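Raw work_8.pdb, PDB, C-alpha atoms, pLDDT in the B column:
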```
ATOM      1  CA  MET E   1     -64.647  28.026 -80.057  1.00 51.00           C
ATOM      2  CA  ALA E   2     -66.471  25.200 -81.679  1.00 45.00           C
ATOM      3  CA  ARG E   3     -70.128  26.153 -81.801  1.00 47.00           C
ATOM      4  CA  ARG E   4     -71.399  24.628 -85.036  1.00 51.00           C
ATOM      5  CA  THR E   5     -71.547  21.040 -83.914  1.00 47.00           C
ATOM      6  CA  ILE E   6     -74.108  19.549 -86.282  1.00 49.00           C
ATOM      7  CA  ARG E   7     -72.737  21.329 -89.344  1.00 51.00           C
ATOM      8  CA  ARG E   8     -69.145  20.422 -88.442  1.00 51.00           C
ATOM      9  CA  TRP E   9     -70.056  16.763 -87.987  1.00 46.00           C
ATOM     10  CA  ARG E  10     -71.742  16.663 -91.394  1.00 49.00           C
ATOM     11  CA  TRP E  11     -68.797  18.433 -93.031  1.00 48.00           C
ATOM     12  CA  ALA E  12     -66.356  15.953 -91.545  1.00 51.00           C
ATOM     13  CA  LEU E  13     -68.370  12.976 -92.767  1.00 49.00           C
ATOM     14  CA  PHE E  14     -68.927  14.561 -96.143  1.00 46.00           C
ATOM     15  CA  GLY E  15     -65.236  15.344 -96.431  1.00 48.00           C
ATOM     16  CA  LEU E  16     -64.151  11.820 -95.596  1.00 48.00           C
ATOM     17  CA  GLY E  17     -66.657  10.258 -97.949  1.00 49.00           C
ATOM     18  CA  ALA E  18     -65.809  12.562-100.803  1.00 43.00           C
ATOM     19  CA  LEU E  19     -62.092  12.071-100.380  1.00 42.00           C
ATOM     20  CA  ILE E  20     -62.497   8.318-100.375  1.00 41.00           C
ATOM     21  CA  ALA E  21     -64.621   8.557-103.495  1.00 41.00           C
ATOM     22  CA  GLY E  22     -61.972  10.602-105.273  1.00 43.00           C
ATOM     23  CA  GLY E  23     -63.497  14.039-104.730  1.00 43.00           C
ATOM     24  CA  ALA E  24     -60.554  15.483-102.853  1.00 42.00           C
ATOM     25  CA  GLY E  25     -60.439  18.582-105.029  1.00 43.00           C
ATOM     26  CA  ALA E  26     -64.033  19.508-104.312  1.00 40.00           C
ATOM     27  CA  VAL E  27     -63.629  19.010-100.581  1.00 41.00           C
ATOM     28  CA  ALA E  28     -60.396  20.998-100.503  1.00 43.00           C
ATOM     29  CA  LEU E  29     -62.178  23.854-102.235  1.00 42.00           C
ATOM     30  CA  ALA E  30     -65.287  23.764-100.048  1.00 49.00           C
ATOM     31  CA  GLU E  31     -63.708  23.011 -96.659  1.00 81.00           C
ATOM     32  CA  PRO E  32     -59.908  22.864 -96.760  1.00 91.00           C
ATOM     33  CA  ALA E  33     -59.675  22.262 -92.994  1.00 92.00           C
ATOM     34  CA  VAL E  34     -61.453  18.925 -93.460  1.00 93.00           C
ATOM     35  CA  ALA E  35     -59.116  18.003 -96.308  1.00 94.00           C
ATOM     36  CA  ALA E  36     -56.154  18.990 -94.130  1.00 95.00           C
ATOM     37  CA  LEU E  37     -57.377  16.709 -91.360  1.00 95.00           C
ATOM     38  CA  VAL E  38     -57.411  13.824 -93.825  1.00 94.00           C
ATOM     39  CA  CYS E  39     -54.019  14.696 -95.306  1.00 95.00           C
ATOM     40  CA  PRO E  40     -52.100  17.030 -92.954  1.00 96.00           C
ATOM     41  CA  SER E  41     -48.862  16.905 -94.937  1.00 96.00           C
ATOM     42  CA  CYS E  42     -50.727  18.084 -98.039  1.00 95.00           C
ATOM     43  CA  TYR E  43     -51.298  21.385 -96.243  1.00 95.00           C
ATOM     44  CA  GLY E  44     -47.855  21.743 -94.759  1.00 95.00           C
ATOM     45  CA  PHE E  45     -48.475  20.290 -91.305  1.00 97.00           C
ATOM     46  CA  ALA E  46     -45.797  18.193 -89.618  1.00 97.00           C
ATOM     47  CA  ALA E  47     -46.462  15.386 -87.139  1.00 97.00           C
ATOM     48  CA  ILE E  48     -45.336  16.287 -83.605  1.00 97.00           C
ATOM     49  CA  GLY E  49     -47.084  13.422 -81.813  1.00 96.00           C
ATOM     50  CA  PRO E  50     -49.671  10.682 -82.323  1.00 94.00           C
ATOM     51  CA  ARG E  51     -52.487  12.178 -84.446  1.00 95.00           C
ATOM     52  CA  LEU E  52     -51.092  15.627 -83.650  1.00 97.00           C
ATOM     53  CA  TYR E  53     -49.951  17.947 -86.443  1.00 98.00           C
ATOM     54  CA  ALA E  54     -48.463  21.425 -86.211  1.00 97.00           C
ATOM     55  CA  ASP E  55     -47.666  24.358 -88.419  1.00 95.00           C
ATOM     56  CA  PRO E  56     -43.854  24.443 -88.923  1.00 95.00           C
ATOM     57  CA  ALA E  57     -43.938  28.020 -87.594  1.00 95.00           C
ATOM     58  CA  MET E  58     -44.946  26.775 -84.128  1.00 97.00           C
ATOM     59  CA  THR E  59     -42.361  27.375 -81.422  1.00 96.00           C
ATOM     60  CA  GLU E  60     -40.915  24.493 -79.435  1.00 96.00           C
ATOM     61  CA  ASP E  61     -42.547  25.794 -76.252  1.00 96.00           C
ATOM     62  CA  ALA E  62     -45.942  25.756 -77.949  1.00 95.00           C
ATOM     63  CA  ARG E  63     -45.331  22.225 -79.211  1.00 97.00           C
ATOM     64  CA  VAL E  64     -44.427  21.017 -75.725  1.00 97.00           C
ATOM     65  CA  MET E  65     -47.585  22.607 -74.300  1.00 96.00           C
ATOM     66  CA  LEU E  66     -49.769  21.109 -77.004  1.00 96.00           C
ATOM     67  CA  ARG E  67     -48.323  17.616 -76.643  1.00 97.00           C
ATOM     68  CA  ARG E  68     -48.704  17.754 -72.878  1.00 97.00           C
ATOM     69  CA  THR E  69     -52.280  19.091 -73.010  1.00 96.00           C
ATOM     70  CA  VAL E  70     -53.436  16.485 -75.523  1.00 96.00           C
ATOM     71  CA  ALA E  71     -51.719  13.709 -73.544  1.00 96.00           C
ATOM     72  CA  GLU E  72     -53.280  14.802 -70.245  1.00 96.00           C
ATOM     73  CA  ALA E  73     -56.762  15.557 -71.578  1.00 96.00           C
ATOM     74  CA  PRO E  74     -58.079  11.924 -71.579  1.00 96.00           C
ATOM     75  CA  ALA E  75     -57.721  11.688 -67.806  1.00 96.00           C
ATOM     76  CA  ARG E  76     -59.683  14.914 -67.393  1.00 96.00           C
ATOM     77  CA  LEU E  77     -62.362  13.815 -69.868  1.00 97.00           C
ATOM     78  CA  ALA E  78     -62.682  10.424 -68.171  1.00 97.00           C
ATOM     79  CA  LEU E  79     -63.885  12.130 -64.970  1.00 97.00           C
ATOM     80  CA  PHE E  80     -66.986  13.195 -66.864  1.00 98.00           C
ATOM     81  CA  PHE E  81     -67.443  10.667 -69.681  1.00 97.00           C
ATOM     82  CA  GLY E  82     -65.800   7.476 -68.505  1.00 95.00           C
ATOM     83  CA  PRO E  83     -63.715   5.431 -70.980  1.00 93.00           C
ATOM     84  CA  ALA E  84     -62.546   7.421 -73.998  1.00 93.00           C
ATOM     85  CA  ALA E  85     -64.616   7.126 -77.160  1.00 94.00           C
ATOM     86  CA  SER E  86     -62.786   9.613 -79.405  1.00 93.00           C
ATOM     87  CA  THR E  87     -59.326   9.474 -80.972  1.00 92.00           C
ATOM     88  CA  PRO E  88     -59.225  12.842 -82.712  1.00 91.00           C
ATOM     89  CA  ARG E  89     -56.685  14.286 -85.070  1.00 95.00           C
ATOM     90  CA  VAL E  90     -55.495  17.730 -84.075  1.00 97.00           C
ATOM     91  CA  LEU E  91     -54.251  20.384 -86.501  1.00 96.00           C
ATOM     92  CA  ALA E  92     -52.635  23.439 -84.947  1.00 97.00           C
ATOM     93  CA  CYS E  93     -51.805  26.651 -86.780  1.00 96.00           C
ATOM     94  CA  ALA E  94     -49.248  29.032 -85.332  1.00 96.00           C
ATOM     95  CA  SER E  95     -49.227  31.598 -88.140  1.00 96.00           C
ATOM     96  CA  THR E  96     -51.719  33.658 -90.100  1.00 94.00           C
ATOM     97  CA  ALA E  97     -50.433  32.037 -93.303  1.00 95.00           C
ATOM     98  CA  CYS E  98     -51.378  28.592 -91.977  1.00 96.00           C
ATOM     99  CA  GLN E  99     -54.748  29.869 -90.817  1.00 94.00           C
ATOM    100  CA  ALA E 100     -55.462  31.347 -94.241  1.00 93.00           C
ATOM    101  CA  ARG E 101     -54.331  28.183 -96.009  1.00 93.00           C
ATOM    102  CA  ILE E 102     -57.052  26.108 -94.343  1.00 94.00           C
ATOM    103  CA  ARG E 103     -59.557  28.989 -94.153  1.00 90.00           C
ATOM    104  CA  GLY E 104     -59.589  28.882 -90.398  1.00 87.00           C
ATOM    105  CA  GLY E 105     -61.567  32.087 -89.972  1.00 83.00           C
ATOM    106  CA  GLY E 106     -61.797  33.832 -86.630  1.00 81.00           C
ATOM    107  CA  ALA E 107     -62.629  30.877 -84.382  1.00 86.00           C
ATOM    108  CA  ARG E 108     -59.860  29.970 -81.953  1.00 91.00           C
ATOM    109  CA  GLY E 109     -60.728  26.302 -82.298  1.00 92.00           C
ATOM    110  CA  MET E 110     -63.225  24.130 -84.095  1.00 92.00           C
ATOM    111  CA  ALA E 111     -64.118  20.478 -83.658  1.00 92.00           C
ATOM    112  CA  TYR E 112     -65.480  18.436 -86.548  1.00 92.00           C
ATOM    113  CA  GLY E 113     -67.700  15.898 -84.861  1.00 90.00           C
ATOM    114  CA  ALA E 114     -65.528  13.240 -83.257  1.00 91.00           C
ATOM    115  CA  PHE E 115     -63.071  13.105 -86.151  1.00 91.00           C
ATOM    116  CA  GLY E 116     -60.747  16.073 -85.902  1.00 94.00           C
ATOM    117  CA  LEU E 117     -59.978  19.464 -84.470  1.00 95.00           C
ATOM    118  CA  ARG E 118     -58.243  22.549 -85.757  1.00 95.00           C
ATOM    119  CA  LEU E 119     -56.694  25.263 -83.631  1.00 97.00           C
ATOM    120  CA  SER E 120     -55.864  28.824 -84.631  1.00 96.00           C
ATOM    121  CA  PRO E 121     -52.814  30.736 -83.368  1.00 96.00           C
ATOM    122  CA  ALA E 122     -55.087  32.320 -80.739  1.00 94.00           C
ATOM    123  CA  GLY E 123     -56.299  28.895 -79.648  1.00 94.00           C
ATOM    124  CA  LEU E 124     -52.934  27.474 -78.588  1.00 96.00           C
ATOM    125  CA  GLU E 125     -53.687  27.354 -74.880  1.00 95.00           C
ATOM    126  CA  PRO E 126     -54.779  24.438 -72.689  1.00 96.00           C
ATOM    127  CA  THR E 127     -58.272  25.781 -71.925  1.00 96.00           C
ATOM    128  CA  ILE E 128     -59.207  26.068 -75.601  1.00 96.00           C
ATOM    129  CA  VAL E 129     -57.680  22.707 -76.488  1.00 96.00           C
ATOM    130  CA  VAL E 130     -59.560  20.879 -73.726  1.00 97.00           C
ATOM    131  CA  HIS E 131     -62.771  22.750 -74.571  1.00 96.00           C
ATOM    132  CA  GLU E 132     -62.646  21.478 -78.141  1.00 96.00           C
ATOM    133  CA  LEU E 133     -61.605  17.958 -77.139  1.00 97.00           C
ATOM    134  CA  THR E 134     -64.650  17.909 -74.848  1.00 97.00           C
ATOM    135  CA  HIS E 135     -66.936  18.639 -77.797  1.00 96.00           C
ATOM    136  CA  MET E 136     -65.368  15.726 -79.633  1.00 96.00           C
ATOM    137  CA  GLU E 137     -65.672  13.310 -76.730  1.00 97.00           C
ATOM    138  CA  LEU E 138     -69.318  14.251 -76.232  1.00 97.00           C
ATOM    139  CA  ALA E 139     -69.946  13.708 -79.952  1.00 96.00           C
ATOM    140  CA  ALA E 140     -68.241  10.309 -79.884  1.00 96.00           C
ATOM    141  CA  HIS E 141     -70.298   9.118 -76.910  1.00 96.00           C
ATOM    142  CA  LEU E 142     -73.485  10.485 -78.416  1.00 95.00           C
ATOM    143  CA  GLY E 143     -72.995   8.772 -81.766  1.00 94.00           C
ATOM    144  CA  LEU E 144     -73.500   9.868 -85.360  1.00 89.00           C
ATOM    145  CA  ARG E 145     -77.268   9.454 -85.568  1.00 91.00           C
ATOM    146  CA  GLN E 146     -78.082  11.361 -82.399  1.00 93.00           C
ATOM    147  CA  MET E 147     -75.444  14.001 -83.110  1.00 88.00           C
ATOM    148  CA  ALA E 148     -76.798  14.668 -86.586  1.00 87.00           C
ATOM    149  CA  ALA E 149     -80.318  14.891 -85.165  1.00 91.00           C
ATOM    150  CA  GLY E 150     -79.268  17.554 -82.671  1.00 91.00           C
ATOM    151  CA  SER E 151     -80.407  15.402 -79.748  1.00 94.00           C
ATOM    152  CA  VAL E 152     -78.336  17.375 -77.232  1.00 96.00           C
ATOM    153  CA  PRO E 153     -78.986  21.146 -77.134  1.00 95.00           C
ATOM    154  CA  ALA E 154     -76.146  23.511 -77.941  1.00 93.00           C
ATOM    155  CA  TRP E 155     -76.253  25.152 -74.504  1.00 94.00           C
ATOM    156  CA  PHE E 156     -75.603  21.786 -72.820  1.00 96.00           C
ATOM    157  CA  ASP E 157     -72.757  20.924 -75.203  1.00 95.00           C
ATOM    158  CA  GLU E 158     -71.108  24.321 -74.663  1.00 94.00           C
ATOM    159  CA  GLY E 159     -71.773  24.335 -70.924  1.00 95.00           C
ATOM    160  CA  VAL E 160     -70.122  20.930 -70.551  1.00 97.00           C
ATOM    161  CA  ALA E 161     -67.089  22.103 -72.553  1.00 96.00           C
ATOM    162  CA  VAL E 162     -66.710  25.140 -70.282  1.00 95.00           C
ATOM    163  CA  ILE E 163     -66.914  22.955 -67.167  1.00 96.00           C
ATOM    164  CA  VAL E 164     -64.503  20.242 -68.334  1.00 97.00           C
ATOM    165  CA  SER E 165     -61.964  22.839 -69.489  1.00 96.00           C
ATOM    166  CA  ASP E 166     -62.493  24.741 -66.203  1.00 94.00           C
ATOM    167  CA  ASP E 167     -62.555  28.003 -68.161  1.00 94.00           C
ATOM    168  CA  PRO E 168     -61.866  30.928 -65.776  1.00 91.00           C
ATOM    169  CA  ARG E 169     -63.691  33.342 -68.078  1.00 89.00           C
ATOM    170  CA  TYR E 170     -66.992  31.667 -67.280  1.00 89.00           C
ATOM    171  CA  LEU E 171     -66.383  29.911 -63.938  1.00 91.00           C
ATOM    172  CA  ASP E 172     -65.468  31.548 -60.654  1.00 86.00           C
ATOM    173  CA  HIS E 173     -62.226  29.979 -59.467  1.00 81.00           C
ATOM    174  CA  ASP E 174     -62.278  32.001 -56.256  1.00 76.00           C
ATOM    175  CA  ALA E 175     -65.705  30.804 -55.126  1.00 70.00           C
ATOM    176  CA  GLU E 176     -65.878  28.353 -52.254  1.00 65.00           C
ATOM    177  CA  GLY E 177     -68.005  25.277 -52.914  1.00 61.00           C
ATOM    178  CA  ALA E 178     -70.537  24.814 -55.706  1.00 59.00           C
ATOM    179  CA  PRO E 179     -71.573  25.879 -58.203  1.00 66.00           C
ATOM    180  CA  ARG E 180     -68.911  28.586 -58.965  1.00 80.00           C
ATOM    181  CA  CYS E 181     -71.206  30.414 -61.399  1.00 83.00           C
ATOM    182  CA  ARG E 182     -70.249  33.757 -62.905  1.00 75.00           C
ATOM    183  CA  ALA E 183     -73.763  34.231 -64.268  1.00 74.00           C
ATOM    184  CA  GLY E 184     -77.236  33.374 -63.033  1.00 69.00           C
ATOM    185  CA  LEU E 185     -79.633  30.831 -64.442  1.00 68.00           C
ATOM    186  CA  ASP E 186     -82.103  33.368 -65.791  1.00 71.00           C
ATOM    187  CA  GLY E 187     -82.057  34.250 -69.465  1.00 74.00           C
ATOM    188  CA  PRO E 188     -82.123  32.418 -72.816  1.00 75.00           C
ATOM    189  CA  VAL E 189     -79.763  29.567 -73.665  1.00 83.00           C
ATOM    190  CA  PRO E 190     -80.392  28.569 -77.311  1.00 77.00           C
ATOM    191  CA  ASP E 191     -80.760  24.926 -78.260  1.00 81.00           C
ATOM    192  CA  ASP E 192     -79.633  25.420 -81.855  1.00 79.00           C
ATOM    193  CA  PRO E 193     -75.854  25.656 -82.469  1.00 78.00           C
ATOM    194  CA  ARG E 194     -76.208  28.490 -84.977  1.00 76.00           C
ATOM    195  CA  ALA E 195     -78.477  30.508 -82.685  1.00 79.00           C
ATOM    196  CA  PHE E 196     -76.087  29.897 -79.791  1.00 78.00           C
ATOM    197  CA  ARG E 197     -73.145  31.065 -81.868  1.00 72.00           C
ATOM    198  CA  HIS E 198     -74.797  34.312 -82.913  1.00 68.00           C
ATOM    199  CA  SER E 199     -76.191  34.955 -79.451  1.00 68.00           C
ATOM    200  CA  GLY E 200     -72.799  34.249 -77.922  1.00 57.00           C
ATOM    201  CA  LYS E 201     -71.180  36.945 -80.058  1.00 57.00           C
ATOM    202  CA  ALA E 202     -73.733  39.479 -78.894  1.00 53.00           C
ATOM    203  CA  ALA E 203     -73.954  38.458 -75.236  1.00 57.00           C
ATOM    204  CA  TYR E 204     -70.762  37.567 -73.369  1.00 61.00           C
ATOM    205  CA  PRO E 205     -72.581  35.974 -70.370  1.00 83.00           C
ATOM    206  CA  LEU E 206     -74.175  33.289 -72.540  1.00 87.00           C
ATOM    207  CA  TYR E 207     -71.376  30.755 -72.014  1.00 89.00           C
ATOM    208  CA  ALA E 208     -71.297  31.517 -68.305  1.00 90.00           C
ATOM    209  CA  ARG E 209     -75.068  31.046 -68.112  1.00 90.00           C
ATOM    210  CA  ALA E 210     -74.939  27.741 -70.000  1.00 91.00           C
ATOM    211  CA  ALA E 211     -72.100  26.524 -67.779  1.00 92.00           C
ATOM    212  CA  CYS E 212     -73.988  27.530 -64.641  1.00 91.00           C
ATOM    213  CA  ARG E 213     -77.079  25.687 -65.775  1.00 92.00           C
ATOM    214  CA  VAL E 214     -75.119  22.501 -66.504  1.00 94.00           C
ATOM    215  CA  LEU E 215     -73.039  22.814 -63.346  1.00 93.00           C
ATOM    216  CA  THR E 216     -76.099  23.258 -61.129  1.00 91.00           C
ATOM    217  CA  TRP E 217     -77.766  20.250 -62.750  1.00 94.00           C
ATOM    218  CA  MET E 218     -74.582  18.165 -62.540  1.00 95.00           C
ATOM    219  CA  ASN E 219     -74.201  18.801 -58.811  1.00 92.00           C
ATOM    220  CA  ARG E 220     -77.804  17.743 -58.213  1.00 92.00           C
ATOM    221  CA  ALA E 221     -77.455  14.676 -60.418  1.00 94.00           C
ATOM    222  CA  GLY E 222     -74.421  13.155 -58.706  1.00 93.00           C
ATOM    223  CA  GLY E 223     -71.390  15.070 -59.924  1.00 95.00           C
ATOM    224  CA  PRO E 224     -69.213  14.826 -63.075  1.00 96.00           C
ATOM    225  CA  PRO E 225     -70.186  11.224 -64.049  1.00 97.00           C
ATOM    226  CA  ALA E 226     -73.795  12.404 -64.497  1.00 96.00           C
ATOM    227  CA  ILE E 227     -72.736  14.097 -67.727  1.00 97.00           C
ATOM    228  CA  GLY E 228     -71.482  10.863 -69.253  1.00 97.00           C
ATOM    229  CA  HIS E 229     -74.529   8.947 -68.058  1.00 96.00           C
ATOM    230  CA  LEU E 230     -76.847  11.485 -69.718  1.00 97.00           C
ATOM    231  CA  VAL E 231     -74.929  11.560 -72.999  1.00 97.00           C
ATOM    232  CA  ASP E 232     -74.711   7.765 -73.194  1.00 96.00           C
ATOM    233  CA  ALA E 233     -78.443   7.462 -72.456  1.00 96.00           C
ATOM    234  CA  VAL E 234     -79.284   9.906 -75.244  1.00 97.00           C
ATOM    235  CA  GLY E 235     -76.903   8.052 -77.543  1.00 96.00           C
ATOM    236  CA  LYS E 236     -78.953   4.917 -76.906  1.00 95.00           C
ATOM    237  CA  GLY E 237     -82.196   6.663 -77.820  1.00 95.00           C
ATOM    238  CA  ALA E 238     -83.435   8.397 -74.673  1.00 96.00           C
ATOM    239  CA  ARG E 239     -84.796  11.925 -74.996  1.00 96.00           C
ATOM    240  CA  PHE E 240     -82.501  14.582 -73.568  1.00 96.00           C
ATOM    241  CA  ALA E 241     -85.312  16.445 -71.812  1.00 94.00           C
ATOM    242  CA  GLU E 242     -86.518  13.327 -70.024  1.00 93.00           C
ATOM    243  CA  VAL E 243     -83.077  12.352 -68.704  1.00 93.00           C
ATOM    244  CA  TYR E 244     -82.189  15.923 -67.793  1.00 93.00           C
ATOM    245  CA  GLU E 245     -85.457  16.655 -65.979  1.00 87.00           C
ATOM    246  CA  ASP E 246     -85.379  13.295 -64.226  1.00 75.00           C
ATOM    247  CA  LYS E 247     -82.144  14.394 -62.555  1.00 67.00           C
ATOM    248  CA  GLY E 248     -83.544  17.739 -61.439  1.00 66.00           C
ATOM    249  CA  GLY E 249     -82.749  19.871 -64.472  1.00 64.00           C
ATOM    250  CA  TRP E 250     -84.031  23.390 -64.871  1.00 52.00           C
TER     251      TRP E 250
END
```
As structure tokens - that is how I would like this structure written.
Amino acid sequence: MARRTIRRWRWALFGLGALIAGGAGAVALAEPAVAALVCPSCYGFAAIGPRLYADPAMTEDARVMLRRTVAEAPARLALFFGPAASTPRVLACASTACQARIRGGGARGMAYGAFGLRLSPAGLEPTIVVHELTHMELAAHLGLRQMAAGSVPAWFDEGVAVIVSDDPRYLDHDAEGAPRCRAGLDGPVPDDPRAFRHSGKAAYPLYARAACRVLTWMNRAGGPPAIGHLVDAVGKGARFAEVYEDKGGW
């Protein structure tokens, strides 16, 4: 999952700037996934849809699923954020060779700000794709300045992505009514993306706890559109804590 939001945003911007300036070699060496997002064909990806690029090893069934998920995601995102603000590129690996070529690491998916997204072979499923696209839409609505400043805490970003993707690992699909939490509200939920990432590896309930906190707040604040209203307000300069607490946040 994408859990290094600030660093990924900066890498994406750095990569674009360096490539434009003629530093493609340096970027490819430091962060080949960013270089691949700028030039997919240079890394062996083939276009399978608008701004959608796949590893040639990907099966036709996987391509159909990916095209359908990416095409349907905007309607799902609009329930929470309103009009779309992101038009991401998506790179999808279906083989370990592809994953190694762009140094994908162990993450199933990773979003680079609002610019692009890469998926690993283990991330080729609708829940992961929508989770990562949610990170990108949130980043696009928030804006570069506020995103780089870390104006939205990591637990909120991750909790929103869990909710929008309706991830059954962290949300109770069998529960009747709200809030469908699999974990309680008690316990730490780190603000910093790096701390969240490391804590998430050690404590499985962390994502469920973050999702429960956001879900409980969202239901008090007026439902799914409250998320977009908060993010847009922070993007315009409001402090996250003030907007969140004003709507009955924990």
For this session: Kindly resolve the PyMOL selection byres ((chain E and resi 53) around 8) on the present coordinates and return the residues as a ChimeraX atom specification.
Result: /E:40,45-49,51-52,54-55,89-92
For this session: For Thr134 (chain E), work out the shell of residues within 9 Å, counting only C-alpha atoms and skipping chain neighbours fewer than 5 positions away, then give it as a ChimeraX atom specification.
Result: /E:73,77,129,139,157,160-162,164-165
Which residues of region 23-129 of chain E have any atom within 8 Å of an atom in region 227-245 of chain E when counting only C-alpha atoms, and what is the closest pair of atoms for each, with the distance in Å to one decimal? Order the rows by chain and rising number and write it as JSON lines.
```
{"residue": "E:Phe80", "atom": "CA", "partner": "E:Gly228", "partner_atom": "CA", "distance": 5.6}
{"residue": "E:Phe81", "atom": "CA", "partner": "E:Gly228", "partner_atom": "CA", "distance": 4.1}
{"residue": "E:Gly82", "atom": "CA", "partner": "E:Gly228", "partner_atom": "CA", "distance": 6.7}
```
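Using only C-alpha atoms, the shortest contact distance between Pro153 (chain E) and any of E:Leu119, E:Glu132, E:Ala210, E:Arg108 is found at E:Ala210.
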For this session: Could you expand the PyMOL selection byres ((chain E and resi 98) around 12) into the explicit residues it covers here, written as a ChimeraX atom specification?
Result: /E:32-33,36,40,43-45,54-58,91-97,99-105,118-121
To test the calculation: enclose all listed atoms of region 55-72 of chain E in a box whose edges run along x, y and z, add 5 Å on each side, then state centre and edge lengths in Å to one decimal, as AutoDock Vina command-line options.
```
--center_x -47.2 --center_y 20.9 --center_z -79.6 --size_x 22.5 --size_y 24.3 --size_z 28.7
```
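Put simply, CA of Ala107 (chain E) is 8.5 Å away from CA of Ala122 (chain E).
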For this session: List the residues selected by the PyMOL selection byres ((chain E and resi 183) around 9) in the file shown, writing them as an NGL selection string.
Result: :E and (170-171 or 181-182 or 184-186 or 205-212)
Got time to write the residues from that selection, C-alpha atoms, as an mmCIF file, in the frame of the given file?
```cif
data_model
loop_
_atom_site.group_PDB
_atom_site.id
_atom_site.type_symbol
_atom_site.label_atom_id
_atom_site.label_comp_id
_atom_site.auth_asym_id
_atom_site.auth_seq_id
_atom_site.Cartn_x
_atom_site.Cartn_y
_atom_site.Cartn_z
ATOM 1 C CA TYR E 170 -66.992 31.667 -67.280
ATOM 2 C CA LEU E 171 -66.383 29.911 -63.938
ATOM 3 C CA CYS E 181 -71.206 30.414 -61.399
ATOM 4 C CA ARG E 182 -70.249 33.757 -62.905
ATOM 5 C CA GLY E 184 -77.236 33.374 -63.033
ATOM 6 C CA LEU E 185 -79.633 30.831 -64.442
ATOM 7 C CA ASP E 186 -82.103 33.368 -65.791
ATOM 8 C CA PRO E 205 -72.581 35.974 -70.370
ATOM 9 C CA LEU E 206 -74.175 33.289 -72.540
ATOM 10 C CA TYR E 207 -71.376 30.755 -72.014
ATOM 11 C CA ALA E 208 -71.297 31.517 -68.305
ATOM 12 C CA ARG E 209 -75.068 31.046 -68.112
ATOM 13 C CA ALA E 210 -74.939 27.741 -70.000
ATOM 14 C CA ALA E 211 -72.100 26.524 -67.779
ATOM 15 C CA CYS E 212 -73.988 27.530 -64.641
#
```
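Interatomic distance, CA of Trp155 (chain E) to CA of Arg197 (chain E): 9.9 Å.
CA of Gly222 (chain E) is found 12.3 Å from CA of Leu79 (chain E).
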Residues proximal to (-66.3, 8.9, -76.2) were defined as those with any atom within 7 Å of that point in the file's coordinates, counting only C-alpha atoms. Which are they, as a PDB file with C-alpha atoms, in the coordinates of the input?
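Just written: result_4.pdb:
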```pdb
ATOM      1  CA  PHE E  81     -67.443  10.667 -69.681  1.00 97.00           C
ATOM      2  CA  PRO E  83     -63.715   5.431 -70.980  1.00 93.00           C
ATOM      3  CA  ALA E  84     -62.546   7.421 -73.998  1.00 93.00           C
ATOM      4  CA  ALA E  85     -64.616   7.126 -77.160  1.00 94.00           C
ATOM      5  CA  SER E  86     -62.786   9.613 -79.405  1.00 93.00           C
ATOM      6  CA  GLU E 137     -65.672  13.310 -76.730  1.00 97.00           C
ATOM      7  CA  LEU E 138     -69.318  14.251 -76.232  1.00 97.00           C
ATOM      8  CA  ALA E 140     -68.241  10.309 -79.884  1.00 96.00           C
ATOM      9  CA  HIS E 141     -70.298   9.118 -76.910  1.00 96.00           C
TER      10      HIS E 141
END
```
Exercise. E:Leu117, E:Leu124, E:Ala175, E:Ala35: which is nearest Arg67 (chain E), counting only C-alpha atoms?
Worked result: E:Leu124
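Each of E:Gly159, E:Leu66, E:Val34, E:Gln146 was checked against Trp217 (chain E) using all atoms listed in the file; the smallest atom-to-atom distance is that of E:Gly159.
Taking only C-alpha atoms into account, Ser151 (chain E) lies nearest to E:Pro193 out of the set E:Pro193, E:Arg213, E:Met110, E:Leu133.
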Once you've located region 73-98 of chain E in the structure I gave, write it as a PDB file, in the first residue's frame, keeping C-alpha atoms.
```
ATOM      1  CA  ALA E  73     -13.173   4.331  -9.863  1.00  0.00           C
ATOM      2  CA  PRO E  74     -14.031   8.019 -10.637  1.00  0.00           C
ATOM      3  CA  ALA E  75     -17.695   7.439  -9.826  1.00  0.00           C
ATOM      4  CA  ARG E  76     -16.737   5.883  -6.496  1.00  0.00           C
ATOM      5  CA  LEU E  77     -14.262   8.667  -5.700  1.00  0.00           C
ATOM      6  CA  ALA E  78     -16.818  11.337  -6.603  1.00  0.00           C
ATOM      7  CA  LEU E  79     -19.069  10.161  -3.748  1.00  0.00           C
ATOM      8  CA  PHE E  80     -16.401  11.346  -1.337  1.00  0.00           C
ATOM      9  CA  PHE E  81     -14.450  14.074  -3.152  1.00  0.00           C
ATOM     10  CA  GLY E  82     -16.824  15.545  -5.697  1.00  0.00           C
ATOM     11  CA  PRO E  83     -15.518  16.385  -9.196  1.00  0.00           C
ATOM     12  CA  ALA E  84     -12.310  14.564 -10.104  1.00  0.00           C
ATOM     13  CA  ALA E  85      -9.060  16.454  -9.614  1.00  0.00           C
ATOM     14  CA  SER E  86      -6.546  13.738 -10.552  1.00  0.00           C
ATOM     15  CA  THR E  87      -5.765  12.119 -13.901  1.00  0.00           C
ATOM     16  CA  PRO E  88      -3.135   9.598 -12.848  1.00  0.00           C
ATOM     17  CA  ARG E  89      -0.964   7.340 -14.917  1.00  0.00           C
ATOM     18  CA  VAL E  90      -1.068   3.728 -13.816  1.00  0.00           C
ATOM     19  CA  LEU E  91       1.775   1.239 -14.259  1.00  0.00           C
ATOM     20  CA  ALA E  92       0.951  -2.384 -13.515  1.00  0.00           C
ATOM     21  CA  CYS E  93       3.485  -5.179 -13.154  1.00  0.00           C
ATOM     22  CA  ALA E  94       2.381  -8.776 -13.538  1.00  0.00           C
ATOM     23  CA  SER E  95       5.780 -10.443 -13.169  1.00  0.00           C
ATOM     24  CA  THR E  96       8.700 -10.397 -10.766  1.00  0.00           C
ATOM     25  CA  ALA E  97      10.963  -9.336 -13.647  1.00  0.00           C
ATOM     26  CA  CYS E  98       8.852  -6.212 -14.196  1.00  0.00           C
TER      27      CYS E  98
END
```
